[in-house]
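Raw coords-v2.txt, compact mmCIF, C-alpha atoms:
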# COMPACT_ATOMS: atom_id res chain seq x y z
CA MET C 1 3.87 5.76 -5.63
CA VAL C 2 1.51 5.66 -2.71
CA SER C 3 -0.62 8.69 -2.09
CA LYS C 4 0.42 11.45 0.26
CA LYS C 5 -2.42 10.45 2.57
CA ASP C 6 -1.10 6.90 2.89
CA LYS C 7 2.47 8.10 3.44
CA ASP C 8 1.30 10.59 6.07
CA ALA C 9 -0.63 7.83 7.85
CA GLU C 10 2.49 5.65 7.89
CA ASN C 11 4.64 8.48 9.27
CA GLY C 12 2.05 9.42 11.89
CA LEU C 13 1.78 5.83 13.10
CA GLN C 14 5.56 5.60 13.29
CA VAL C 15 5.78 8.71 15.47
CA PHE C 16 2.91 7.48 17.64
CA ALA C 17 4.56 4.07 18.08
CA ILE C 18 7.92 5.60 19.06
CA MET C 19 6.25 7.97 21.54
CA GLY C 20 4.30 5.04 22.99
CA ILE C 21 7.46 3.00 23.48
CA ILE C 22 9.24 5.90 25.19
CA TRP C 23 6.23 6.49 27.44
CA THR C 24 5.97 2.80 28.32
CA LEU C 25 9.67 2.49 29.11
CA GLY C 26 9.56 5.64 31.24
CA PHE C 27 6.51 4.45 33.13
CA LEU C 28 8.08 1.05 33.69
CA TYR C 29 11.22 2.72 35.03
CA TRP C 30 9.26 4.94 37.41
CA THR C 31 7.26 2.02 38.75
CA TRP C 32 10.34 -0.18 39.05
CA ASP C 33 12.24 2.56 40.87
CA GLY C 34 9.31 3.12 43.22
CA ALA C 35 9.01 6.81 42.34
CA LEU C 36 5.26 6.54 41.65
CA SER C 37 4.44 4.53 44.78
CA GLY C 38 4.66 7.74 46.83
CA PHE C 39 1.56 9.08 45.05
CA GLY C 40 -0.64 6.54 46.78
CA MET C 41 -0.98 4.15 43.84
CA SER C 42 -1.11 0.53 44.83
CA GLN C 43 1.11 -2.07 43.21
CA MET C 44 -1.96 -3.55 41.50
CA ALA C 45 -2.84 -0.20 39.89
CA LEU C 46 0.73 0.27 38.68
CA SER C 47 0.77 -3.25 37.21
CA CYS C 48 -2.50 -2.56 35.43
CA CYS C 49 -1.17 0.70 33.97
CA ASN C 50 2.02 -1.02 32.83
CA THR C 51 0.03 -3.76 31.11
CA ILE C 52 -2.18 -1.24 29.33
CA ASN C 53 0.85 0.80 28.22
CA ILE C 54 2.57 -2.29 26.84
CA LEU C 55 -0.57 -3.39 24.97
CA LEU C 56 -1.08 0.07 23.44
CA SER C 57 2.57 0.17 22.37
CA ILE C 58 2.27 -3.24 20.73
CA ILE C 59 -0.93 -2.24 18.93
CA SER C 60 0.60 1.00 17.62
CA LEU C 61 3.75 -0.83 16.45
CA ALA C 62 1.66 -3.48 14.69
CA SER C 63 -0.48 -0.80 13.00
CA TRP C 64 2.61 1.04 11.80
CA ARG C 65 4.26 -2.12 10.44
CA TYR C 66 1.05 -3.16 8.67
CA THR C 67 0.65 0.27 7.06
CA LYS C 68 4.31 0.31 6.03
CA LYS C 69 4.00 -3.13 4.40
CA GLU C 70 0.76 -2.15 2.67
CA ASN C 71 2.40 0.98 1.22
CA ARG C 72 5.39 -1.09 0.08
CA ILE C 73 3.05 -3.49 -1.72
CA LYS C 74 1.18 -0.61 -3.39
CA ASP C 75 4.47 0.84 -4.63
CA TYR C 76 5.49 -2.58 -5.94
CA LEU C 77 2.19 -3.04 -7.79
CA GLU C 78 2.51 0.41 -9.33
CA GLU C 79 5.97 -0.39 -10.69
CA TYR C 80 5.09 -3.97 -11.66
CA PHE C 81 2.06 -2.99 -13.76
CA LYS C 82 4.09 -0.43 -15.71
CA LYS C 83 5.96 -3.35 -17.31
CA ASN C 84 3.51 -6.27 -17.09
CA GLU C 85 -0.13 -6.86 -17.92
CA SER C 86 -0.84 -9.43 -15.19
CA ILE C 87 0.38 -10.62 -11.81
CA SER C 88 0.08 -13.96 -10.12
CA VAL C 89 -1.28 -14.09 -6.59
CA GLU C 90 1.33 -16.78 -5.89
CA HIS C 91 4.01 -14.27 -6.88
CA MET C 92 2.59 -11.77 -4.38
CA ILE C 93 2.49 -14.43 -1.65
CA LYS C 94 6.15 -15.34 -2.21
CA GLU C 95 7.35 -11.76 -2.65
CA PHE C 96 5.74 -10.31 0.47
CA ARG C 97 5.04 -13.40 2.61
CA ILE C 98 1.32 -12.71 2.89
CA SER C 99 -1.71 -14.97 2.76
CA GLN C 100 -3.68 -15.62 -0.41
CA SER C 101 -6.73 -13.72 0.82
CA SER C 102 -4.54 -10.78 1.82
CA ALA C 103 -2.88 -10.73 -1.60
CA ILE C 104 -6.23 -10.77 -3.40
CA LYS C 105 -7.60 -8.06 -1.11
CA THR C 106 -4.53 -5.88 -1.59
CA ILE C 107 -4.58 -6.19 -5.38
CA SER C 108 -8.30 -5.42 -5.48
CA ALA C 109 -7.94 -2.41 -3.18
CA TRP C 110 -5.00 -1.09 -5.19
CA ALA C 111 -6.94 -1.50 -8.44
CA MET C 112 -9.90 0.43 -7.02
CA GLU C 113 -7.70 3.22 -5.65
CA THR C 114 -5.79 3.69 -8.89
CA SER C 115 -8.76 3.06 -11.21
CA VAL C 116 -6.90 0.26 -12.97
CA LYS C 117 -9.45 -1.96 -14.63
CA GLY C 118 -8.79 -5.64 -14.53
CA GLU C 119 -10.12 -9.03 -13.58
CA TYR C 120 -9.06 -11.69 -11.12
CA ASP C 121 -9.34 -15.25 -12.42
CA VAL C 122 -10.06 -17.56 -9.49
CA MET C 123 -9.06 -20.69 -11.40
CA THR C 124 -5.57 -19.51 -12.39
CA GLY C 125 -4.93 -17.09 -9.54
CA ILE C 126 -3.91 -14.31 -11.92
CA TYR C 127 -5.02 -10.69 -11.89
CA SER C 128 -4.98 -9.36 -15.46
CA LYS C 129 -5.08 -5.70 -16.24
CA GLU C 130 -7.37 -4.71 -19.09
CA PRO C 131 -5.45 -3.20 -21.99
CA GLU C 132 -5.67 0.54 -22.09
CA GLU C 133 -7.93 1.84 -24.78
CA GLU C 134 -6.22 3.62 -27.59
CA VAL C 135 -7.15 7.24 -27.78
CA LEU C 136 -8.92 7.89 -31.03
CA SER C 137 -7.84 10.99 -32.83
CA PHE C 138 -9.35 12.58 -35.86
CA CYS C 139 -7.75 14.49 -38.69
CA PRO C 140 -8.07 18.24 -38.20
CA ASN C 141 -8.42 18.73 -41.98
CA CYS C 142 -11.05 16.18 -43.02
CA GLY C 143 -12.35 14.83 -39.69
CA LYS C 144 -11.72 11.17 -40.49
CA LYS C 145 -10.16 8.79 -38.01
CA MET C 146 -6.38 8.84 -38.02
CA VAL C 147 -4.32 5.65 -38.28
CA SER C 148 -1.59 5.01 -35.74
CA ASN C 149 1.58 2.98 -36.06
CA ASP C 150 4.19 2.84 -33.28
CA GLY C 151 2.82 5.98 -31.69
CA ASP C 152 2.73 8.04 -34.89
CA ARG C 153 -0.67 9.07 -36.23
CA TRP C 154 -1.62 10.13 -39.73
CA CYS C 155 -4.63 10.52 -41.96
CA LEU C 156 -4.86 8.18 -44.93
CA ASP C 157 -6.91 10.64 -46.99
CA CYS C 158 -4.91 13.80 -46.31
CA GLN C 159 -1.54 12.18 -45.58
CA ASP C 160 -1.37 14.68 -42.73
CA ILE C 161 0.52 13.90 -39.54
Write the structure described by the file as structure tokens, please.
Amino acid sequence: MVSKKDKDAENGLQVFAIMGIIWTLGFLYWTWDGALSGFGMSQMALSCCNTINILLSIISLASWRYTKKENRIKDYLEEYFKKNESISVEHMIKEFRISQSSAIKTISAWAMETSVKGEYDVMTGIYSKEPEEEVLSFCPNCGKKMVSNDGDRWCLDCQDI
């Protein structure tokens, strides 16, 4: 799952985008109706304000959609790497309709954020996760290293589990 910070950023951008659209539509209505022309604003000034409002609304919508897609990809990677040891960049490109450089950047950023160690092979286009190191445990009776088999651990000398 994406972090609370990332989810909060997505929600904040969504609210900002919706407020921007409402503001832009209201301003367009007031200028179309002629209600603001009584305040001494010229038609050129109103056109300029409308253009700026539309551009800001488009930028906030694009930021929100980008953040939402990025969070969706992070969630996907989190779930995907629970079952698999590697992922193909081509798979990411097809799954999310993103560019190759964007897929590589997203996988690298996700790996750094989650501290997942791995390596990207440029020749094959596959990001492979390093196998997790097995936690070594020692026998509480004799102090020798315990042997593990299918998750169970025991000491060969003491036959202690």
Q: In Å, rounded to a single decimal, give me how far CA of Lys7 in chain C is from CA of Met92 in chain C.
A: 21.4 Å
**Q.** Between CA of Leu61 in chain C and CA of Thr31 in chain C - distance in Å to one decimal
**A.** 22.8 Å
Q. Hey, can you pull every residue with an atom no more than 12 Å from (-0.6, 0.9, 14.4), using all atoms listed in the file, and send it as a PyMOL selection string?
A. chain C and resi 9-18+20+55-69
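Between CA of Ile52 in chain C and CA of Phe27 in chain C lies a distance of 11.1 Å.
Nearest residue to Ile104 in chain C among C:Asn84, C:Tyr127, C:Leu156, C:Lys117 is C:Tyr127, counting all atoms listed in the file.
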